[in-house]
Amino acid sequence: MKIATKNINIQNEVFTLTNQRALFWKKEKALILSDLHIGKTAHFRKNGIALSDQVFENDLQRLSVLIEYFKPEKFLVVGDLLHAGDNSGVDKFCEWKNQFPNLEFHLIEGNHDRISKKLEAKLCLNFRDEFLEIDEFIFVHDFQKKNEKFQITGHIHPGFVINSSVKNIKLPCFVVSENQLLLPAFSEFTGLDTKNLPKKGRFYVFTDAEIYEI
């Protein structure tokens, strides 16, 4: 697995985009991502669709490599940590997370995050709320039109279509507009939305090897 990075400047702060579907904010020592959808494959199996856990295991492996690479002090999830409540995928995530006892775990709740008090304790969250404000930024799962602060969001699972004479290729991306940074879905087991994206945005499209500004 190769980690490609690209620094961008927002509100006089430097953020590091990666081709591994995550963002690093050096000043806050925070690894930031969205839409892990933990337990999605387990949920499908429970409903009679035979899916391997390999995709989820790959997601956790990418997280481990990013943590080793950036050495963050905070792990910030901008919504949809979970997919369908508590299941065997959550157990596997908690077991993985125990490797990093000193990493603060912050969750901005998304529409899939139905978390009981019991499950909150199991996840060992340091912070849980519908939004988080740090300096001039607000972290919230879905964009709020009436909020004037610069928003770092998820939810959309943004994608960009590259047209070619052979076939069209759809790739995940970050999107930056005047008042929003839209994160890609961290989980690879998600679809990509190429339509409901911020207007007049800069697209940072990535492959396994590189990040391209479009």
# chains A, B, ... in the order shown; residues from 1 in each chain; ligands from 1
>>> residues_around(residues="Ala30 of chain A", least_positions_apart="3", cutoff="9 Å", atoms="only C-alpha atoms", output="list in words")
Leu23, Phe24, Trp25, Lys26, Lys27, Phe70, Lys71, Pro72, Glu73, Lys74, Phe75 and Leu76 of chain A
>>> residues_around(residues="segment 190-193 of chain A", least_positions_apart="5", cutoff="12 Å", atoms="only C-alpha atoms", output="PyMOL selection string")
chain A and resi 34-38+40-41+55-56+59+80+83+154-161+169-175+182-185+198
>>> closest_residue(among="A:Lys149, A:Lys167, A:His112, A:His106", to="Asp129 of chain A", atoms="only C-alpha atoms")
A:His106
>>> residues_around(residues="segment 94-100 of chain A", least_positions_apart="3", cutoff="9 Å", atoms="only C-alpha atoms", output="list in words")
Leu60, Ser64, Gly89, Val90, Asp91, Leu103, Glu104, Lys122, Leu123 and Cys124 of chain A
>>> write_last_selection(atoms="N, CA, C and O atoms", output="PDB file, in the first residue's frame")
ATOM      1  N   LEU A  60      -9.411  -1.702   7.827  1.00  0.00           N
ATOM      2  CA  LEU A  60      -8.686  -1.619   9.102  1.00  0.00           C
ATOM      3  C   LEU A  60      -7.177  -1.616   8.872  1.00  0.00           C
ATOM      4  O   LEU A  60      -6.436  -0.906   9.582  1.00  0.00           O
ATOM      5  N   SER A  64      -4.516   1.256  10.034  1.00  0.00           N
ATOM      6  CA  SER A  64      -3.292   0.963  10.802  1.00  0.00           C
ATOM      7  C   SER A  64      -2.079   1.619  10.152  1.00  0.00           C
ATOM      8  O   SER A  64      -1.233   2.216  10.832  1.00  0.00           O
ATOM      9  N   GLY A  89     -19.005  -7.006  13.202  1.00  0.00           N
ATOM     10  CA  GLY A  89     -18.055  -6.045  12.659  1.00  0.00           C
ATOM     11  C   GLY A  89     -17.596  -5.047  13.704  1.00  0.00           C
ATOM     12  O   GLY A  89     -16.423  -4.649  13.729  1.00  0.00           O
ATOM     13  N   VAL A  90     -18.500  -4.639  14.580  1.00  0.00           N
ATOM     14  CA  VAL A  90     -18.143  -3.729  15.675  1.00  0.00           C
ATOM     15  C   VAL A  90     -17.171  -4.411  16.633  1.00  0.00           C
ATOM     16  O   VAL A  90     -16.211  -3.795  17.103  1.00  0.00           O
ATOM     17  N   ASP A  91     -17.406  -5.681  16.915  1.00  0.00           N
ATOM     18  CA  ASP A  91     -16.487  -6.437  17.780  1.00  0.00           C
ATOM     19  C   ASP A  91     -15.079  -6.450  17.182  1.00  0.00           C
ATOM     20  O   ASP A  91     -14.086  -6.250  17.895  1.00  0.00           O
ATOM     21  N   LEU A 103      -4.882   6.781  21.618  1.00  0.00           N
ATOM     22  CA  LEU A 103      -5.462   7.564  20.526  1.00  0.00           C
ATOM     23  C   LEU A 103      -6.870   8.022  20.907  1.00  0.00           C
ATOM     24  O   LEU A 103      -7.762   7.207  21.132  1.00  0.00           O
ATOM     25  N   GLU A 104      -7.071   9.346  21.009  1.00  0.00           N
ATOM     26  CA  GLU A 104      -8.400   9.887  21.328  1.00  0.00           C
ATOM     27  C   GLU A 104      -9.365   9.604  20.185  1.00  0.00           C
ATOM     28  O   GLU A 104      -9.016   9.787  19.020  1.00  0.00           O
ATOM     29  N   LYS A 122     -18.787   0.521  24.796  1.00  0.00           N
ATOM     30  CA  LYS A 122     -18.024  -0.527  24.105  1.00  0.00           C
ATOM     31  C   LYS A 122     -17.020   0.083  23.124  1.00  0.00           C
ATOM     32  O   LYS A 122     -15.880  -0.391  22.996  1.00  0.00           O
ATOM     33  N   LEU A 123     -17.432   1.149  22.450  1.00  0.00           N
ATOM     34  CA  LEU A 123     -16.563   1.810  21.470  1.00  0.00           C
ATOM     35  C   LEU A 123     -15.486   2.671  22.129  1.00  0.00           C
ATOM     36  O   LEU A 123     -14.520   3.059  21.466  1.00  0.00           O
ATOM     37  N   CYS A 124     -15.658   2.980  23.409  1.00  0.00           N
ATOM     38  CA  CYS A 124     -14.689   3.801  24.172  1.00  0.00           C
ATOM     39  C   CYS A 124     -14.475   5.165  23.513  1.00  0.00           C
ATOM     40  O   CYS A 124     -13.348   5.574  23.217  1.00  0.00           O
TER      41      CYS A 124
END
>>> closest_residue(among="A:Arg128, A:Arg62, A:Arg202, A:Lys117", to="Val77 of chain A", atoms="only C-alpha atoms")
A:Arg128
>>> select_by_dssp(residues="segment 97-198 of chain A", states="alpha helix (DSSP H)", output="MDAnalysis selection string")
chainID A and resid 97 117:123
>>> write_last_selection(atoms="N, CA and C atoms", output="PDB file, in the first residue's frame")
ATOM      1  N   LYS A  97      -9.035  -1.566  17.563  1.00  0.00           N
ATOM      2  CA  LYS A  97      -8.791  -0.281  18.213  1.00  0.00           C
ATOM      3  C   LYS A  97      -7.968  -0.421  19.499  1.00  0.00           C
ATOM      4  N   LYS A 117     -26.184   3.683  24.903  1.00  0.00           N
ATOM      5  CA  LYS A 117     -25.171   3.945  25.934  1.00  0.00           C
ATOM      6  C   LYS A 117     -24.225   2.760  26.079  1.00  0.00           C
ATOM      7  N   LYS A 118     -24.783   1.565  25.981  1.00  0.00           N
ATOM      8  CA  LYS A 118     -23.966   0.357  26.087  1.00  0.00           C
ATOM      9  C   LYS A 118     -22.958   0.282  24.947  1.00  0.00           C
ATOM     10  N   LEU A 119     -23.409   0.580  23.732  1.00  0.00           N
ATOM     11  CA  LEU A 119     -22.514   0.542  22.577  1.00  0.00           C
ATOM     12  C   LEU A 119     -21.490   1.674  22.641  1.00  0.00           C
ATOM     13  N   GLU A 120     -21.889   2.828  23.136  1.00  0.00           N
ATOM     14  CA  GLU A 120     -20.949   3.945  23.292  1.00  0.00           C
ATOM     15  C   GLU A 120     -19.804   3.553  24.217  1.00  0.00           C
ATOM     16  N   ALA A 121     -20.132   2.880  25.318  1.00  0.00           N
ATOM     17  CA  ALA A 121     -19.104   2.425  26.257  1.00  0.00           C
ATOM     18  C   ALA A 121     -18.197   1.385  25.596  1.00  0.00           C
ATOM     19  N   LYS A 122     -18.787   0.521  24.796  1.00  0.00           N
ATOM     20  CA  LYS A 122     -18.024  -0.527  24.105  1.00  0.00           C
ATOM     21  C   LYS A 122     -17.020   0.083  23.124  1.00  0.00           C
ATOM     22  N   LEU A 123     -17.432   1.149  22.450  1.00  0.00           N
ATOM     23  CA  LEU A 123     -16.563   1.810  21.470  1.00  0.00           C
ATOM     24  C   LEU A 123     -15.486   2.671  22.129  1.00  0.00           C
TER      25      LEU A 123
END
>>> select_by_dssp(residues="chain A", states="strand (DSSP E or B)", output="PyMOL selection string")
chain A and resi 5-10+13-18+23-25+30-34+38+74-78+82+104-108+127-129+131-134+137-140+150-153+158-162+169-177+180-182+185+193+202-206+211-213
